[in-house]
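Novice: Contents of target_5.cif (mmCIF, C-alpha atoms and all ligand atoms):
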data_query
#
loop_
_atom_site.label_atom_id
_atom_site.label_comp_id
_atom_site.auth_asym_id
_atom_site.auth_seq_id
_atom_site.Cartn_x
_atom_site.Cartn_y
_atom_site.Cartn_z
CA MET S 146 0.00 0.00 0.00
CA MET S 147 2.70 2.39 1.17
CA LYS S 148 4.86 1.36 -1.81
CA ASN S 149 1.99 2.12 -4.18
CA THR S 150 1.55 5.62 -2.74
CA ILE S 151 5.25 6.36 -3.10
CA LEU S 152 5.19 5.10 -6.69
CA LYS S 153 2.17 7.30 -7.45
CA ALA S 154 3.82 10.32 -5.87
CA THR S 155 7.02 9.66 -7.79
CA SER S 156 5.25 9.41 -11.14
CA LEU S 157 3.26 12.56 -10.38
CA LEU S 158 6.50 14.37 -9.62
CA THR S 159 8.08 13.07 -12.84
CA PHE S 160 5.02 14.22 -14.78
CA ALA S 161 5.19 17.66 -13.17
CA LEU S 162 8.91 17.89 -13.99
CA ILE S 163 8.37 16.99 -17.65
CA LEU S 164 5.54 19.53 -17.85
CA THR S 165 7.78 22.24 -16.36
CA ILE S 166 10.59 21.48 -18.79
CA SER S 167 8.35 21.49 -21.86
CA CYS S 168 6.71 24.76 -20.74
CA ALA S 169 10.13 26.36 -20.23
CA GLN S 170 11.15 25.35 -23.76
CA GLN S 171 8.13 27.16 -25.17
CA SER S 172 8.86 30.49 -23.55
CA PRO S 173 5.79 32.76 -23.68
CA ASP S 174 7.79 35.69 -25.08
CA ARG S 175 8.95 33.60 -28.05
CA ALA S 176 9.78 36.02 -30.87
CA VAL S 177 7.46 35.95 -33.82
CA TYR S 178 8.73 36.67 -37.32
CA THR S 179 6.39 38.78 -39.39
CA PHE S 180 6.31 40.04 -42.96
CA ASP S 181 4.79 43.44 -42.27
CA PRO S 182 2.83 45.47 -44.82
CA LEU S 183 4.74 48.18 -46.65
CA PRO S 184 4.03 51.37 -44.60
CA TYR S 185 2.99 53.33 -47.75
CA ALA S 186 1.70 52.77 -51.28
CA TYR S 187 4.05 51.45 -53.99
CA ASN S 188 3.99 54.85 -55.72
CA ALA S 189 4.37 56.93 -52.52
CA LEU S 190 8.12 57.47 -52.96
CA GLU S 191 7.87 57.97 -56.73
CA ARG S 192 10.08 61.07 -56.69
CA SER S 193 13.02 58.79 -55.78
CA ILE S 194 11.87 55.19 -56.24
CA ASP S 195 9.38 54.22 -58.96
CA ALA S 196 6.26 52.19 -58.13
CA GLN S 197 7.25 49.13 -60.17
CA THR S 198 10.60 48.86 -58.41
CA MET S 199 8.89 49.22 -55.02
CA GLU S 200 6.38 46.50 -55.83
CA ILE S 201 8.92 43.99 -57.15
CA HIS S 202 11.38 44.82 -54.37
CA TYR S 203 8.88 44.44 -51.53
CA ASP S 204 6.49 41.81 -52.82
CA ARG S 205 8.99 39.51 -54.53
CA HIS S 206 12.50 40.11 -53.18
CA HIS S 207 11.67 40.87 -49.55
CA ARG S 208 8.87 38.29 -49.39
CA ALA S 209 11.25 35.61 -50.72
CA TYR S 210 13.90 36.48 -48.12
CA PHE S 211 11.27 36.28 -45.40
CA ASN S 212 9.83 32.93 -46.55
CA ASN S 213 13.28 31.42 -47.06
CA PHE S 214 14.41 32.65 -43.63
CA VAL S 215 11.40 31.16 -41.83
CA ASN S 216 11.79 27.85 -43.70
CA ALA S 217 15.56 27.72 -43.14
CA ILE S 218 15.28 27.95 -39.34
CA LYS S 219 12.01 26.02 -38.89
CA ASP S 220 12.28 23.60 -35.94
CA SER S 221 15.98 24.37 -35.51
CA GLU S 222 17.56 25.51 -32.25
CA ILE S 223 17.42 29.16 -33.27
CA ASP S 224 13.74 29.12 -34.26
CA GLY S 225 12.12 31.68 -31.95
CA LEU S 226 15.25 33.69 -31.14
CA SER S 227 15.21 37.45 -31.74
CA MET S 228 16.87 38.68 -34.94
CA ASP S 229 19.56 40.36 -32.80
CA ASP S 230 20.36 37.03 -31.10
CA ILE S 231 20.49 35.24 -34.44
CA PHE S 232 22.84 37.89 -35.91
CA ALA S 233 25.09 37.63 -32.83
CA GLN S 234 25.82 33.95 -33.66
CA MET S 235 25.78 34.29 -37.45
CA SER S 236 29.28 32.80 -37.86
CA THR S 237 28.00 29.44 -36.55
CA LEU S 238 24.96 29.28 -38.88
CA PRO S 239 24.52 28.16 -42.51
CA VAL S 240 24.99 30.76 -45.23
CA GLY S 241 21.33 30.37 -46.25
CA VAL S 242 20.25 31.61 -42.84
CA ARG S 243 22.75 34.48 -43.06
CA ASN S 244 21.51 35.68 -46.46
CA ASN S 245 17.80 35.36 -45.73
CA ALA S 246 17.77 36.57 -42.11
CA GLY S 247 19.79 39.58 -43.27
CA GLY S 248 17.54 40.06 -46.29
CA HIS S 249 14.44 40.10 -44.10
CA TYR S 250 15.82 42.41 -41.40
CA ASN S 251 17.57 44.83 -43.77
CA HIS S 252 14.53 45.38 -45.98
CA THR S 253 12.23 45.85 -42.98
CA LEU S 254 14.55 48.57 -41.71
CA PHE S 255 14.86 50.13 -45.19
CA TRP S 256 11.07 50.50 -45.70
CA ASN S 257 10.68 52.07 -42.29
CA ILE S 258 13.34 54.76 -42.57
CA MET S 259 11.69 56.15 -45.72
CA SER S 260 8.43 58.06 -46.01
CA PRO S 261 6.53 60.18 -48.55
CA LYS S 262 6.96 63.02 -46.00
CA GLY S 263 10.72 62.40 -45.87
CA GLY S 264 13.60 64.57 -46.94
CA GLY S 265 15.08 67.65 -45.29
CA GLN S 266 17.58 67.32 -42.49
CA PRO S 267 17.79 65.56 -39.12
CA GLN S 268 16.98 67.63 -36.03
CA GLY S 269 17.86 67.59 -32.34
CA ASN S 270 20.29 65.10 -30.79
CA LEU S 271 20.77 63.14 -34.02
CA ALA S 272 21.67 66.30 -35.96
CA ALA S 273 24.14 67.28 -33.22
CA ALA S 274 25.74 63.81 -33.23
CA ILE S 275 26.04 63.84 -37.06
CA ASN S 276 27.67 67.28 -37.01
CA GLU S 277 30.05 66.28 -34.22
CA THR S 278 31.07 62.99 -35.88
CA PHE S 279 31.22 63.96 -39.55
CA GLY S 280 31.67 67.77 -39.44
CA SER S 281 28.36 68.62 -41.14
CA PHE S 282 25.26 67.05 -42.66
CA ASP S 283 26.71 67.51 -46.15
CA GLU S 284 29.96 65.80 -45.16
CA PHE S 285 27.95 62.94 -43.66
CA LYS S 286 25.97 62.51 -46.90
CA LYS S 287 29.19 62.51 -48.95
CA LYS S 288 30.76 59.79 -46.78
CA PHE S 289 27.59 57.71 -46.75
CA GLU S 290 27.26 57.91 -50.55
CA ALA S 291 30.95 57.00 -50.89
CA ALA S 292 30.33 53.88 -48.75
CA GLY S 293 27.52 52.86 -51.12
CA ALA S 294 29.46 53.76 -54.28
CA THR S 295 32.57 51.77 -53.34
CA ARG S 296 30.62 48.64 -52.40
CA PHE S 297 31.51 46.38 -55.33
CA GLY S 298 28.59 44.23 -56.47
CA SER S 299 25.62 43.94 -54.11
CA GLY S 300 25.28 45.22 -50.57
CA TRP S 301 24.24 47.99 -48.23
CA ALA S 302 25.46 51.33 -46.87
CA TRP S 303 24.80 51.94 -43.16
CA LEU S 304 24.75 54.58 -40.47
CA SER S 305 25.09 52.80 -37.14
CA LEU S 306 25.87 53.31 -33.47
CA ASP S 307 28.80 51.39 -31.99
CA SER S 308 28.83 49.94 -28.47
CA ASN S 309 30.01 53.32 -27.10
CA GLY S 310 27.04 55.12 -28.67
CA LYS S 311 29.20 56.69 -31.37
CA LEU S 312 27.96 57.03 -34.96
CA PHE S 313 29.85 55.38 -37.81
CA ILE S 314 29.35 54.74 -41.53
CA SER S 315 30.07 51.34 -43.06
CA SER S 316 29.08 49.12 -45.93
CA THR S 317 28.46 45.38 -46.03
CA SER S 318 28.23 42.89 -48.88
CA ASN S 319 25.20 40.87 -49.95
CA GLN S 320 22.62 40.85 -47.10
CA ASP S 321 25.09 41.21 -44.22
CA ASN S 322 24.51 43.99 -41.66
CA PRO S 323 26.43 45.54 -38.75
CA LEU S 324 24.60 43.39 -36.17
CA MET S 325 26.23 40.21 -37.51
CA ASP S 326 29.28 38.74 -35.80
CA VAL S 327 30.80 38.14 -39.25
CA VAL S 328 31.33 41.82 -40.17
CA ASP S 329 34.38 43.98 -39.35
CA GLU S 330 32.56 47.05 -38.02
CA ARG S 331 29.83 46.02 -35.61
CA GLY S 332 27.03 48.17 -34.25
CA THR S 333 23.30 48.81 -34.44
CA PRO S 334 22.11 50.27 -37.76
CA ILE S 335 19.75 53.27 -37.66
CA LEU S 336 19.82 54.07 -41.40
CA GLY S 337 20.42 51.68 -44.29
CA LEU S 338 20.48 52.01 -48.07
CA ASP S 339 20.06 49.01 -50.35
CA VAL S 340 22.60 49.32 -53.19
CA TRP S 341 21.72 46.05 -54.94
CA GLU S 342 20.90 46.69 -58.61
CA HIS S 343 17.37 45.35 -58.00
CA ALA S 344 16.79 48.45 -55.82
CA TYR S 345 17.32 50.97 -58.63
CA TYR S 346 17.96 49.44 -62.05
CA LEU S 347 14.51 50.06 -63.65
CA LYS S 348 14.64 53.83 -63.00
CA TYR S 349 18.37 54.55 -62.83
CA GLN S 350 19.92 51.65 -64.82
CA ASN S 351 23.63 51.60 -63.92
CA LYS S 352 23.61 55.06 -62.28
CA ARG S 353 23.87 54.03 -58.64
CA GLY S 354 25.08 57.54 -57.75
CA SER S 355 21.86 59.17 -59.01
CA TYR S 356 19.79 56.68 -57.00
CA MET S 357 21.78 57.40 -53.83
CA ALA S 358 21.48 61.16 -54.31
CA ALA S 359 17.69 60.84 -54.74
CA PHE S 360 17.42 58.65 -51.62
CA TRP S 361 17.87 61.71 -49.34
CA ASP S 362 14.56 63.14 -50.63
CA VAL S 363 12.62 60.28 -49.00
CA VAL S 364 14.60 59.61 -45.81
CA ASP S 365 12.31 59.89 -42.79
CA TRP S 366 14.65 61.62 -40.33
CA ASN S 367 12.06 61.39 -37.54
CA ALA S 368 12.13 57.59 -37.86
CA VAL S 369 15.95 57.58 -37.92
CA ALA S 370 16.05 59.86 -34.86
CA GLU S 371 13.67 57.51 -33.01
CA ARG S 372 15.98 54.61 -33.73
CA TYR S 373 18.96 56.73 -32.63
CA GLU S 374 17.33 57.58 -29.28
CA SER S 375 16.21 54.01 -28.61
CA VAL S 376 19.65 52.52 -29.37
CA LYS S 377 21.61 55.23 -27.53
MN MN3 Q 1 16.86 44.69 -51.83
#
If you convert what's in this file into structure tokens, what do you get?
Specialist:
Amino acid sequence: MMKNTILKATSLLTFALILTISCAQQSPDRAVYTFDPLPYAYNALERSIDAQTMEIHYDRHHRAYFNNFVNAIKDSEIDGLSMDDIFAQMSTLPVGVRNNAGGHYNHTLFWNIMSPKGGGQPQGNLAAAINETFGSFDEFKKKFEAAGATRFGSGWAWLSLDSNGKLFISSTSNQDNPLMDVVDERGTPILGLDVWEHAYYLKYQNKRGSYMAAFWDVVDWNAVAERYESVK
């Protein structure tokens, strides 16, 4: 009788332990990956980026990166981690994850730092930090455009904050970004420009410089400043 009770108690305890472990593995704040709607119409940035390019870029290129990313990590150990945590261990992951995780994150950032109400100049703390780091807004733009122009082949130009909260400009190849542990200059990007030919070829053909110059007319400096304040 006594033995039976102990056995019952033991199996109840084992059951409770298994339940606890399986609950812990499915953490309630598990990150969810989403392919968010474009925050404006395809033709909203027409003065710099034509509607057909926007549609193909968002609905085909970005959507493919997103789908491939989700499929590549499905049921793996990193499924559910935040993008930041995935980028921090990029060097240990397959190249397919690197390209598609980067492709998804980079494009999401890109859409959200542009707006039909964009253009002009940054204000406040961000403007002060840009002036202090690069000398002036015009000098900053020159250096940023140079980073995009000298990126051979496909990649991105970035304005990021390093771990000391200091601004820096860099460029990365393919779909890499400054959050990845595989890049030389690491930080948190607050502004990014896609310099892949698919981002500009229909309107600008091979004139990457003209595309980069036109980009400033649609940069949403309020959105960039918000990112700056939240990272700083
Ligand atoms: Mn792209």
Novice: With only C-alpha atoms as the counted atoms, please give the residues lying no more than 12 Å from Asp329 (chain S), apart from itself and same-chain residues fewer than 3 positions off, as a list of chain:residue names.
Specialist: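 What passes the distance filter is S:Asp307, S:Ser315, S:Ser316, S:Thr317, S:Ser318, S:Asp321, S:Asn322, S:Pro323, S:Leu324, S:Met325, S:Asp326, S:Gly332.
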Novice: Counting all atoms listed in the file, name the residues that have an atom within 7 Å of an atom of ligand MN3 1 (chain Q); the answer should be given as a list in words.
Specialist: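 Counting only what the definition allows, namely all atoms listed in the file, the set is His202, His206, His207, His252, Asp339, Trp341, His343 and Ala344 of chain S.
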Novice: Could you state the separation of CA of Trp256 (chain S) and CA of Gln197 (chain S) in Å, given to one decimal place?
Specialist: 15.0 Å
Novice: Show me the residues around (11.4, 62.7, -41.2) - criterion: an atom at most 10 Å away, all atoms listed in the file counted - as a ChimeraX atom specification.
Specialist: /S:258-268,362-371
Novice: With C-alpha atoms retained, export the selected residues as a CSV table (one decimal), in the frame of the given file.
Specialist:
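Below you can see part_26.csv, which holds the result:
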chain,number,residue,atom,x,y,z
S,258,ILE,CA,13.3,54.8,-42.6
S,259,MET,CA,11.7,56.2,-45.7
S,260,SER,CA,8.4,58.1,-46.0
S,261,PRO,CA,6.5,60.2,-48.6
S,262,LYS,CA,7.0,63.0,-46.0
S,263,GLY,CA,10.7,62.4,-45.9
S,264,GLY,CA,13.6,64.6,-46.9
S,265,GLY,CA,15.1,67.6,-45.3
S,266,GLN,CA,17.6,67.3,-42.5
S,267,PRO,CA,17.8,65.6,-39.1
S,268,GLN,CA,17.0,67.6,-36.0
S,362,ASP,CA,14.6,63.1,-50.6
S,363,VAL,CA,12.6,60.3,-49.0
S,364,VAL,CA,14.6,59.6,-45.8
S,365,ASP,CA,12.3,59.9,-42.8
S,366,TRP,CA,14.6,61.6,-40.3
S,367,ASN,CA,12.1,61.4,-37.5
S,368,ALA,CA,12.1,57.6,-37.9
S,369,VAL,CA,16.0,57.6,-37.9
S,370,ALA,CA,16.0,59.9,-34.9
S,371,GLU,CA,13.7,57.5,-33.0
Novice: So that I can check the surroundings of Ala359 (chain S), please list as a PyMOL selection string every protein, DNA and RNA residue that reaches within 9 Å of it, counting only C-alpha atoms and ignoring chain neighbours fewer than 3 positions away.
Specialist: chain S and resi 192-194+354-356+362-363
Novice: Hey, can you spit out that residue selection with C-alpha atoms as a compact mmCIF listing (two decimals), in the coordinates of the input?
Specialist:
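The result, written out as result.txt:
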# COMPACT_ATOMS: atom_id res chain seq x y z
CA ARG S 192 10.08 61.07 -56.69
CA SER S 193 13.02 58.79 -55.78
CA ILE S 194 11.87 55.19 -56.24
CA GLY S 354 25.08 57.54 -57.75
CA SER S 355 21.86 59.17 -59.01
CA TYR S 356 19.79 56.68 -57.00
CA ASP S 362 14.56 63.14 -50.63
CA VAL S 363 12.62 60.28 -49.00
Novice: Counting all atoms listed in the file, which residue out of S:Ser281, S:Asn270, S:Gln320, S:Asn257 sits closest to Glu374 (chain S)?
Specialist: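 Closest candidate: S:Asn270.
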Novice: For Gly337 (chain S), list every protein, DNA or RNA residue within 6 Å, evaluated using all atoms listed in the file, and leave out those in the same chain fewer than 2 positions away; present the list as an MDAnalysis selection string.
Specialist: chainID S and resid 255 302:303
Novice: Could you state the separation of CA of Asn244 (chain S) and CA of Asn319 (chain S) in Å, given to one decimal place?
Specialist: 7.3 Å
Novice: In Å, with one decimal, what is the gap from CA of Lys288 (chain S) to CA of Phe313 (chain S)?
Specialist: 10.0 Å
Novice: Given only C-alpha atoms as the basis, pick out the residue of S:Leu306, S:Leu347, S:Leu226, S:Ala358 nearest to Leu271 (chain S).
Specialist: S:Leu306
